[in-house]
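*Asks:* Below is start-v1.json; it holds JSON, C-alpha atoms.
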[["chain", "number", "residue", "atom", "x", "y", "z"],
["A", 442, "MET", "CA", 0.00, 0.00, 0.00],
["A", 443, "ILE", "CA", 1.38, 3.40, -1.01],
["A", 444, "ILE", "CA", 0.20, 6.21, 1.30],
["A", 445, "SER", "CA", -0.44, 9.27, -0.86],
["A", 446, "GLY", "CA", 0.18, 12.32, 1.29],
["A", 447, "LYS", "CA", -1.17, 14.34, -1.61],
["A", 448, "GLU", "CA", -4.60, 12.66, -1.47],
["A", 449, "LEU", "CA", -4.81, 12.61, 2.34],
["A", 450, "SER", "CA", -3.81, 16.26, 2.64],
["A", 451, "ALA", "CA", -6.37, 17.27, -0.02],
["A", 452, "ARG", "CA", -9.09, 15.54, 1.99],
["A", 453, "LEU", "CA", -8.02, 17.12, 5.28],
["A", 454, "LYS", "CA", -7.68, 20.58, 3.72],
["A", 455, "ALA", "CA", -11.22, 20.29, 2.31],
["A", 456, "GLU", "CA", -12.49, 19.50, 5.85],
["A", 457, "MET", "CA", -10.59, 22.51, 7.24],
["A", 458, "ALA", "CA", -11.97, 24.77, 4.49],
["A", 459, "GLU", "CA", -15.50, 23.73, 5.44],
["A", 460, "ALA", "CA", -14.86, 24.62, 9.11],
["A", 461, "VAL", "CA", -13.15, 27.95, 8.28],
["A", 462, "LYS", "CA", -16.23, 29.09, 6.29],
["A", 463, "SER", "CA", -18.09, 29.60, 9.58],
["A", 464, "PHE", "CA", -15.28, 31.60, 11.26],
["A", 465, "PRO", "CA", -16.19, 35.13, 10.02],
["A", 466, "GLU", "CA", -19.65, 34.78, 11.53],
["A", 467, "LYS", "CA", -18.39, 33.12, 14.75],
["A", 468, "TYR", "CA", -15.18, 35.07, 15.32],
["A", 469, "GLY", "CA", -15.30, 38.08, 13.00],
["A", 470, "ARG", "CA", -12.49, 36.94, 10.71],
["A", 471, "VAL", "CA", -10.44, 33.98, 9.42],
["A", 472, "PRO", "CA", -7.02, 32.88, 10.76],
["A", 473, "HIS", "CA", -3.99, 34.82, 9.49],
["A", 474, "LEU", "CA", -0.63, 33.17, 8.76],
["A", 475, "VAL", "CA", 2.46, 35.35, 8.24],
["A", 476, "VAL", "CA", 5.49, 33.83, 6.53],
["A", 477, "ILE", "CA", 8.85, 35.64, 6.56],
["A", 478, "LEU", "CA", 11.15, 34.81, 3.67],
["A", 479, "VAL", "CA", 14.75, 36.05, 3.89],
["A", 480, "GLY", "CA", 16.71, 35.96, 0.62],
["A", 481, "GLU", "CA", 15.93, 34.06, -2.57],
["A", 482, "ASN", "CA", 16.92, 30.45, -1.81],
["A", 483, "PRO", "CA", 15.04, 28.57, -4.63],
["A", 484, "ALA", "CA", 13.89, 25.74, -2.32],
["A", 485, "SER", "CA", 12.65, 28.24, 0.29],
["A", 486, "VAL", "CA", 10.82, 30.29, -2.36],
["A", 487, "SER", "CA", 9.13, 27.06, -3.55],
["A", 488, "TYR", "CA", 8.09, 26.08, 0.01],
["A", 489, "VAL", "CA", 6.70, 29.56, 0.73],
["A", 490, "THR", "CA", 4.71, 29.51, -2.52],
["A", 491, "GLY", "CA", 3.28, 26.11, -1.50],
["A", 492, "LYS", "CA", 2.22, 27.51, 1.88],
["A", 493, "ALA", "CA", 0.43, 30.45, 0.23],
["A", 494, "LYS", "CA", -1.38, 28.06, -2.15],
["A", 495, "ALA", "CA", -2.48, 25.79, 0.73],
["A", 496, "SER", "CA", -3.71, 28.82, 2.72],
["A", 497, "ALA", "CA", -5.91, 29.83, -0.23],
["A", 498, "GLU", "CA", -7.31, 26.29, -0.47],
["A", 499, "VAL", "CA", -8.19, 26.23, 3.24],
["A", 500, "GLY", "CA", -9.56, 29.79, 3.20],
["A", 501, "ILE", "CA", -7.14, 31.34, 5.68],
["A", 502, "ARG", "CA", -5.34, 34.64, 5.12],
["A", 503, "ASN", "CA", -1.68, 34.43, 4.14],
["A", 504, "THR", "CA", 0.88, 37.24, 4.12],
["A", 505, "THR", "CA", 4.41, 36.65, 2.85],
["A", 506, "ILE", "CA", 6.94, 39.22, 4.04],
["A", 507, "ARG", "CA", 10.08, 39.19, 1.87],
["A", 508, "ARG", "CA", 13.34, 40.60, 3.15],
["A", 509, "PRO", "CA", 16.76, 40.70, 1.44],
["A", 510, "GLU", "CA", 19.51, 38.31, 2.49],
["A", 511, "SER", "CA", 21.41, 41.33, 3.82],
["A", 512, "ILE", "CA", 18.84, 42.00, 6.58],
["A", 513, "SER", "CA", 20.50, 42.25, 10.00],
["A", 514, "GLU", "CA", 19.60, 39.95, 12.85],
["A", 515, "ALA", "CA", 18.37, 42.96, 14.86],
["A", 516, "GLU", "CA", 16.04, 44.05, 12.01],
["A", 517, "LEU", "CA", 14.58, 40.56, 11.70],
["A", 518, "LEU", "CA", 14.04, 40.30, 15.47],
["A", 519, "GLY", "CA", 12.37, 43.74, 15.40],
["A", 520, "LEU", "CA", 9.99, 42.58, 12.65],
["A", 521, "ILE", "CA", 9.08, 39.47, 14.68],
["A", 522, "ALA", "CA", 8.42, 41.65, 17.77],
["A", 523, "GLU", "CA", 5.98, 43.77, 15.72],
["A", 524, "LEU", "CA", 4.14, 40.67, 14.49],
["A", 525, "ASN", "CA", 4.01, 39.22, 18.03],
["A", 526, "ALA", "CA", 2.31, 42.42, 19.23],
["A", 527, "ASP", "CA", -0.26, 42.48, 16.40],
["A", 528, "PRO", "CA", -3.49, 40.73, 17.49],
["A", 529, "GLU", "CA", -4.46, 40.24, 13.81],
["A", 530, "MET", "CA", -1.52, 37.88, 13.27],
["A", 531, "ASP", "CA", -2.28, 34.33, 14.49],
["A", 532, "GLY", "CA", 0.66, 32.33, 13.15],
["A", 533, "ILE", "CA", 4.24, 33.39, 12.46],
["A", 534, "LEU", "CA", 6.67, 31.25, 10.47],
["A", 535, "VAL", "CA", 10.23, 32.19, 9.52],
["A", 536, "GLN", "CA", 11.32, 30.09, 6.55],
["A", 537, "LEU", "CA", 14.56, 28.23, 7.28],
["A", 538, "PRO", "CA", 17.45, 28.12, 6.55],
["A", 539, "LEU", "CA", 18.46, 31.71, 7.31],
["A", 540, "PRO", "CA", 21.65, 33.44, 6.11],
["A", 541, "LYS", "CA", 24.76, 32.51, 8.12],
["A", 542, "HIS", "CA", 24.99, 35.89, 9.91],
["A", 543, "ILE", "CA", 21.63, 35.30, 11.62],
["A", 544, "ASP", "CA", 21.31, 33.00, 14.65],
["A", 545, "GLU", "CA", 18.38, 30.67, 13.84],
["A", 546, "SER", "CA", 17.82, 29.64, 17.45],
["A", 547, "LYS", "CA", 17.54, 33.30, 18.51],
["A", 548, "VAL", "CA", 14.95, 33.91, 15.79],
["A", 549, "ILE", "CA", 12.90, 30.83, 16.75],
["A", 550, "GLU", "CA", 12.95, 31.87, 20.43],
["A", 551, "ALA", "CA", 11.80, 35.38, 19.49],
["A", 552, "ILE", "CA", 8.49, 34.14, 18.05],
["A", 553, "ASP", "CA", 5.62, 34.23, 20.55],
["A", 554, "LYS", "CA", 5.04, 30.62, 21.68],
["A", 555, "ALA", "CA", 1.29, 31.09, 21.05],
["A", 556, "LYS", "CA", 1.98, 32.08, 17.41],
["A", 557, "ASP", "CA", 4.69, 29.48, 16.73],
["A", 558, "VAL", "CA", 2.95, 27.40, 14.03],
["A", 559, "ASP", "CA", 6.12, 25.38, 13.33],
["A", 560, "GLY", "CA", 6.22, 24.03, 16.91],
["A", 561, "PHE", "CA", 9.96, 24.85, 17.14],
["A", 562, "HIS", "CA", 9.88, 27.28, 20.09],
["A", 563, "PRO", "CA", 11.77, 25.87, 23.12],
["A", 564, "LEU", "CA", 8.62, 26.14, 25.26],
["A", 565, "ASN", "CA", 6.59, 24.17, 22.70],
["A", 566, "VAL", "CA", 9.38, 21.57, 22.52],
["A", 567, "ALA", "CA", 9.44, 21.32, 26.33],
["A", 568, "ALA", "CA", 5.65, 20.96, 26.44],
["A", 569, "LEU", "CA", 5.79, 18.14, 23.86],
["A", 570, "TRP", "CA", 8.27, 16.16, 25.99],
["A", 571, "GLN", "CA", 6.26, 16.81, 29.17],
["A", 572, "LYS", "CA", 2.94, 15.77, 27.55],
["A", 573, "GLN", "CA", 1.53, 19.29, 27.97],
["A", 574, "PRO", "CA", -0.76, 21.00, 25.42],
["A", 575, "CYS", "CA", 1.39, 22.52, 22.66],
["A", 576, "THR", "CA", 1.74, 23.16, 18.94],
["A", 577, "LEU", "CA", 3.20, 20.00, 17.40],
["A", 578, "PRO", "CA", 5.88, 20.25, 14.70],
["A", 579, "CYS", "CA", 4.27, 19.80, 11.29],
["A", 580, "THR", "CA", 6.24, 16.92, 9.75],
["A", 581, "PRO", "CA", 6.06, 14.56, 12.78],
["A", 582, "LYS", "CA", 2.37, 15.40, 13.24],
["A", 583, "GLY", "CA", 1.77, 14.61, 9.55],
["A", 584, "ILE", "CA", 3.58, 11.27, 9.84],
["A", 585, "ILE", "CA", 1.32, 10.11, 12.69],
["A", 586, "LYS", "CA", -1.76, 11.18, 10.70],
["A", 587, "MET", "CA", -0.53, 9.16, 7.69],
["A", 588, "LEU", "CA", 0.05, 6.04, 9.78],
["A", 589, "LYS", "CA", -3.43, 6.29, 11.30],
["A", 590, "ALA", "CA", -5.09, 6.99, 7.94],
["A", 591, "ALA", "CA", -3.44, 3.83, 6.54],
["A", 592, "GLY", "CA", -4.80, 1.82, 9.45],
["A", 593, "VAL", "CA", -1.32, 1.05, 10.80],
["A", 594, "GLU", "CA", -1.41, -0.33, 14.35],
["A", 595, "ILE", "CA", 1.22, 1.63, 16.32],
["A", 596, "VAL", "CA", 0.58, 0.31, 19.84],
["A", 597, "GLY", "CA", 3.28, -2.12, 20.94],
["A", 598, "LYS", "CA", 5.07, -2.07, 17.58],
["A", 599, "ARG", "CA", 8.86, -1.83, 17.21],
["A", 600, "ALA", "CA", 9.58, 1.55, 15.57],
["A", 601, "VAL", "CA", 13.00, 2.66, 14.37],
["A", 602, "VAL", "CA", 13.67, 6.31, 13.53],
["A", 603, "ILE", "CA", 16.81, 7.06, 11.49],
["A", 604, "GLY", "CA", 17.80, 10.67, 12.12],
["A", 605, "ARG", "CA", 17.91, 12.78, 15.28],
["A", 606, "SER", "CA", 17.14, 16.33, 14.12],
["A", 607, "ASN", "CA", 15.08, 18.73, 16.23],
["A", 608, "ILE", "CA", 12.67, 19.14, 13.32],
["A", 609, "VAL", "CA", 11.83, 15.47, 12.58],
["A", 610, "GLY", "CA", 13.84, 12.71, 14.27],
["A", 611, "LEU", "CA", 13.50, 13.70, 17.93],
["A", 612, "PRO", "CA", 9.84, 14.86, 17.88],
["A", 613, "VAL", "CA", 8.55, 11.95, 15.76],
["A", 614, "SER", "CA", 10.23, 9.55, 18.21],
["A", 615, "LYS", "CA", 8.32, 11.22, 21.04],
["A", 616, "LEU", "CA", 5.00, 11.10, 19.16],
["A", 617, "LEU", "CA", 5.52, 7.39, 18.40],
["A", 618, "LEU", "CA", 6.27, 6.81, 22.10],
["A", 619, "ASP", "CA", 3.06, 8.67, 22.98],
["A", 620, "GLU", "CA", 1.21, 6.24, 20.67],
["A", 621, "ASN", "CA", 2.76, 3.38, 22.71],
["A", 622, "ALA", "CA", 5.29, 2.17, 20.16],
["A", 623, "THR", "CA", 8.66, 0.86, 21.37],
["A", 624, "VAL", "CA", 11.08, 3.29, 19.78],
["A", 625, "THR", "CA", 14.74, 2.93, 18.81],
["A", 626, "MET", "CA", 16.57, 6.04, 17.60],
["A", 627, "ALA", "CA", 19.30, 5.37, 15.04],
["A", 628, "HIS", "CA", 21.56, 7.65, 13.02],
["A", 629, "SER", "CA", 24.57, 7.71, 10.69],
["A", 630, "ARG", "CA", 26.90, 6.52, 13.47],
["A", 631, "THR", "CA", 24.77, 3.62, 14.68],
["A", 632, "CYS", "CA", 26.77, 0.38, 14.67],
["A", 633, "ASN", "CA", 25.26, -2.43, 12.57],
["A", 634, "LEU", "CA", 22.54, -0.07, 11.33],
["A", 635, "ALA", "CA", 21.05, -2.63, 8.92],
["A", 636, "GLU", "CA", 20.61, -5.08, 11.79],
["A", 637, "VAL", "CA", 18.75, -2.41, 13.80],
["A", 638, "THR", "CA", 16.49, -1.37, 10.91],
["A", 639, "ARG", "CA", 15.62, -4.98, 10.01],
["A", 640, "GLY", "CA", 14.04, -5.25, 13.46],
["A", 641, "ALA", "CA", 11.65, -2.39, 12.69],
["A", 642, "GLU", "CA", 7.96, -2.97, 12.12],
["A", 643, "ILE", "CA", 7.66, 0.79, 11.51],
["A", 644, "LEU", "CA", 10.68, 2.52, 9.95],
["A", 645, "VAL", "CA", 10.85, 6.34, 9.72],
["A", 646, "VAL", "CA", 13.80, 7.64, 7.70],
["A", 647, "ALA", "CA", 14.89, 11.28, 7.99],
["A", 648, "ILE", "CA", 18.61, 11.28, 7.36],
["A", 649, "GLY", "CA", 18.88, 13.49, 4.27],
["A", 650, "ARG", "CA", 20.83, 11.08, 2.04],
["A", 651, "PRO", "CA", 19.45, 9.91, -1.31],
["A", 652, "LYS", "CA", 18.42, 6.22, -1.36],
["A", 653, "PHE", "CA", 20.37, 5.64, 1.88],
["A", 654, "VAL", "CA", 18.10, 2.79, 3.02],
["A", 655, "THR", "CA", 18.40, -0.25, 0.75],
["A", 656, "ALA", "CA", 16.23, -3.37, 0.47],
["A", 657, "ASP", "CA", 18.53, -5.47, 2.68],
["A", 658, "MET", "CA", 17.92, -3.01, 5.56],
["A", 659, "VAL", "CA", 14.14, -3.58, 5.64],
["A", 660, "SER", "CA", 12.22, -6.63, 6.83],
["A", 661, "ASP", "CA", 9.29, -8.07, 4.86],
["A", 662, "GLY", "CA", 6.00, -6.40, 5.74],
["A", 663, "ALA", "CA", 7.55, -3.32, 7.36],
["A", 664, "VAL", "CA", 5.85, 0.08, 7.26],
["A", 665, "VAL", "CA", 8.30, 2.57, 5.72],
["A", 666, "ILE", "CA", 7.91, 6.35, 6.07],
["A", 667, "ASP", "CA", 10.37, 8.32, 3.92],
["A", 668, "VAL", "CA", 10.87, 11.93, 5.04],
["A", 669, "GLY", "CA", 13.84, 12.72, 2.78],
["A", 670, "VAL", "CA", 13.73, 15.06, -0.21],
["A", 671, "ASN", "CA", 16.91, 14.76, -2.27],
["A", 672, "ARG", "CA", 18.12, 14.87, -5.85],
["A", 673, "ASP", "CA", 19.08, 11.47, -7.24],
["A", 674, "PRO", "CA", 22.78, 11.89, -8.16],
["A", 675, "GLU", "CA", 22.29, 9.65, -11.20],
["A", 676, "THR", "CA", 19.05, 10.99, -12.68],
["A", 677, "GLY", "CA", 18.75, 14.43, -11.07],
["A", 678, "LYS", "CA", 15.13, 13.61, -10.19],
["A", 679, "LEU", "CA", 13.61, 14.06, -6.72],
["A", 680, "CYS", "CA", 14.03, 11.01, -4.52],
["A", 681, "GLY", "CA", 13.75, 10.09, -0.87],
["A", 682, "ASP", "CA", 16.09, 8.64, 1.74],
["A", 683, "VAL", "CA", 14.95, 5.10, 0.86],
["A", 684, "ASP", "CA", 15.38, 3.18, -2.38],
["A", 685, "PHE", "CA", 11.65, 3.17, -3.20],
["A", 686, "ALA", "CA", 11.78, 0.83, -6.23],
["A", 687, "ALA", "CA", 13.71, -1.84, -4.32],
["A", 688, "ILE", "CA", 11.80, -1.56, -1.03],
["A", 689, "GLU", "CA", 8.21, -1.17, -2.26],
["A", 690, "PRO", "CA", 7.79, -4.92, -3.04],
["A", 691, "LYS", "CA", 8.90, -5.81, 0.52],
["A", 692, "ALA", "CA", 7.00, -3.15, 2.49],
["A", 693, "SER", "CA", 3.38, -3.50, 3.59],
["A", 694, "VAL", "CA", 3.00, 0.31, 3.57],
["A", 695, "ILE", "CA", 5.35, 2.92, 2.07],
["A", 696, "THR", "CA", 5.30, 6.66, 1.33],
["A", 697, "PRO", "CA", 6.49, 8.00, -2.04],
["A", 698, "VAL", "CA", 8.76, 10.99, -2.72],
["A", 699, "PRO", "CA", 7.46, 13.36, -3.93],
["A", 700, "GLY", "CA", 3.79, 13.25, -2.87],
["A", 701, "GLY", "CA", 4.21, 11.57, 0.50],
["A", 702, "VAL", "CA", 5.21, 13.31, 3.73],
["A", 703, "GLY", "CA", 5.78, 16.72, 2.06],
["A", 704, "PRO", "CA", 2.11, 17.60, 1.36],
["A", 705, "MET", "CA", 1.16, 16.45, 4.88],
["A", 706, "THR", "CA", 3.71, 18.85, 6.41],
["A", 707, "ILE", "CA", 2.00, 21.83, 4.76],
["A", 708, "CYS", "CA", -1.43, 20.41, 5.63],
["A", 709, "CYS", "CA", -0.45, 20.26, 9.32],
["A", 710, "LEU", "CA", 0.88, 23.83, 9.12],
["A", 711, "MET", "CA", -2.63, 24.91, 8.08],
["A", 712, "GLU", "CA", -4.11, 22.93, 10.98],
["A", 713, "ASN", "CA", -1.60, 24.48, 13.42],
["A", 714, "THR", "CA", -2.51, 27.99, 12.21],
["A", 715, "ILE", "CA", -6.21, 27.28, 12.81],
["A", 716, "GLU", "CA", -5.42, 25.83, 16.27],
["A", 717, "CYS", "CA", -3.38, 28.93, 17.24],
["A", 718, "PHE", "CA", -6.25, 31.15, 16.04],
["A", 719, "LEU", "CA", -8.85, 29.21, 18.04],
["A", 720, "ARG", "CA", -6.70, 29.18, 21.20],
["A", 721, "SER", "CA", -6.29, 32.96, 21.00],
["A", 722, "ARG", "CA", -10.09, 33.36, 20.68],
["A", 723, "LYS", "CA", -10.53, 31.46, 23.95]]
Translate the structure of the given file into structure tokens.

*Replies:*
Amino acid sequence: MIISGKELSARLKAEMAEAVKSFPEKYGRVPHLVVILVGENPASVSYVTGKAKASAEVGIRNTTIRRPESISEAELLGLIAELNADPEMDGILVQLPLPKHIDESKVIEAIDKAKDVDGFHPLNVAALWQKQPCTLPCTPKGIIKMLKAAGVEIVGKRAVVIGRSNIVGLPVSKLLLDENATVTMAHSRTCNLAEVTRGAEILVVAIGRPKFVTADMVSDGAVVIDVGVNRDPETGKLCGDVDFAAIEPKASVITPVPGGVGPMTICCLMENTIECFLRSRK
């Protein structure tokens, strides 16, 4: 079974759009997402365009603020402070990566926790690990939604996560734990990695290396979630962190690249924006 993140996200966005229609009458307006784009990194420009398109589909307001790569850290922090103070702004997202002269962690910390739609603020991260209410990071949240939509039983299953980033690896491990999976975290320096991954009933790969996971690393019937977005060095086409063609015949469930986890990440960003808006109304 191939889980199409494209189809699932389209369905969920349609449900959100239906709910948002009633917001002007209930709350006086629709949610407002502000995206700050620094510089002209082609991948970042593409992601920001995708976020604006999804906002239009869901019926929420989207503002993209573009700033040159030369912007100072102080100017960017000042802009975030203005947006924090504006009650008409419900969600604030700064598109990463930022230019080298700007401290990303400082920028993330500057965003009001209540408007942090990425779920990257240290207080949101702390709340996640302490099982407190918080905004969940979009990609891990999307992965859990995909597993549930595919009818994958998570409780009691052996899950292996390859990758330990703050954005995917660490939070998805916590969400899988919260769903009562038994989780092993692996990474590029794990000894006998193939032996570890063959023990996985659910394998989440977020290591950022094209076709890193090969067929011999996956057991028959495993559920394989591929978070990677890379260029195949041979063909130049988009590919994931797993060798899809070789692993698909062995896996019981697998996500494609593109059209898998990516669309669900943006879908969950829309959901997070709506959640931040509704919390502020309360």

*Asks:* Using only C-alpha atoms, which of the listed residues (A:Thr638, A:Ser614, A:Gln571, A:Asn621) sits closest to A:Ile595?

*Replies:*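 Ranked by minimum distance to A:Ile595, first place goes to A:Asn621.
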
*Asks:* Write out, as a Markdown table, each residue of stretch 633-722 of chain A that has an atom at most 10 Å from stretch 462-470 of chain A, together with the closest pair of atoms and their distance in Å to one decimal, counting only C-alpha atoms, rows going by chain and rising number.

*Replies:*
| residue | atom | partner | partner_atom | distance |
| --- | --- | --- | --- | --- |
| A:Phe718 | CA | A:Tyr468 | CA | 9.8 |
| A:Leu719 | CA | A:Tyr468 | CA | 9.0 |
| A:Arg722 | CA | A:Tyr468 | CA | 7.6 |

*Asks:* Do you know which residues are at most 12 Å from A:Tyr488 counting only C-alpha atoms, after dropping those on the same chain fewer than 6 positions away, and could you put them as a list in words?

*Replies:*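 Non-adjacent residues within range: Val476, Ile477, Leu478, Glu481, Asn482, Lys494, Ala495, Thr505, Leu534, Val535, Gln536, Leu537, Pro538, Gly703, Pro704, Thr706, Ile707 and Leu710 of chain A.
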
*Asks:* Smallest atom-to-atom distance to A:Met711: which of A:Val489, A:Ala568, A:Ala515, A:Ile501, using all atoms listed in the file?

*Replies:* A:Ile501

*Asks:* Using all atoms listed in the file, which residue out of A:Arg720, A:His562, A:Lys582, A:Lys541 lies closest to A:Lys615?

*Replies:*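 Ranked by minimum distance to A:Lys615, first place goes to A:Lys582.
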
*Asks:* Considering all atoms listed in the file, return as a PyMOL selection string whatever protein or nucleic-acid residues lie within 12 Å of A:Glu620, sequence-local ones (same chain, fewer than 5 positions apart) excluded.

*Replies:* chain A and resi 572+582+585-586+588-589+593-600+613-615

*Asks:* So that I can see what lies close to A:Ala567, please list as a ChimeraX atom specification the residues with an atom at most 12 Å from it, counting only C-alpha atoms and leaving out residues fewer than 6 positions away in the same chain.

*Replies:* /A:554,560-561,573-577,607,612,615

*Asks:* What separation in Å, quoted to one decimal, exists between atom CA of A:Ala591 and atom CA of A:Leu617?

*Replies:* 15.3 Å

*Asks:* Env of A:Cys709: 12 Å cut, atoms = all atoms listed in the file, seq-sep filter 5 positions within chain, self excluded. Answer as a compact mmCIF listing (two decimals) with C-alpha atoms, in the coordinates of the input.

*Replies:*
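Writing done, so here's out_31.txt:
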# COMPACT_ATOMS: atom_id res chain seq x y z
CA GLY A 446 0.18 12.32 1.29
CA LEU A 449 -4.81 12.61 2.34
CA SER A 450 -3.81 16.26 2.64
CA ALA A 451 -6.37 17.27 -0.02
CA LEU A 453 -8.02 17.12 5.28
CA LYS A 454 -7.68 20.58 3.72
CA MET A 457 -10.59 22.51 7.24
CA LYS A 492 2.22 27.51 1.88
CA ALA A 495 -2.48 25.79 0.73
CA SER A 496 -3.71 28.82 2.72
CA VAL A 499 -8.19 26.23 3.24
CA VAL A 558 2.95 27.40 14.03
CA ASP A 559 6.12 25.38 13.33
CA GLY A 560 6.22 24.03 16.91
CA THR A 576 1.74 23.16 18.94
CA LEU A 577 3.20 20.00 17.40
CA PRO A 578 5.88 20.25 14.70
CA CYS A 579 4.27 19.80 11.29
CA THR A 580 6.24 16.92 9.75
CA PRO A 581 6.06 14.56 12.78
CA LYS A 582 2.37 15.40 13.24
CA GLY A 583 1.77 14.61 9.55
CA ILE A 584 3.58 11.27 9.84
CA ILE A 585 1.32 10.11 12.69
CA LYS A 586 -1.76 11.18 10.70
CA MET A 587 -0.53 9.16 7.69
CA VAL A 702 5.21 13.31 3.73
CA GLY A 703 5.78 16.72 2.06
CA PRO A 704 2.11 17.60 1.36
CA THR A 714 -2.51 27.99 12.21
CA ILE A 715 -6.21 27.28 12.81
CA GLU A 716 -5.42 25.83 16.27

*Asks:* So, counting only C-alpha atoms, which residue among A:Val479, A:Val471, A:Cys708, A:Ala493 is closest to A:Leu520?

*Replies:* A:Val479

*Asks:* In the coordinates of the file, take the point (15.8, 7.9, 12.4) and a cut-off of 12 Å; then, counting all atoms listed in the file, name each qualifying protein, DNA or RNA residue as a PyMOL selection string.

*Replies:* chain A and resi 581+600-615+617+624-631+634+637-638+641+643-650+653-654+665-669+682-683
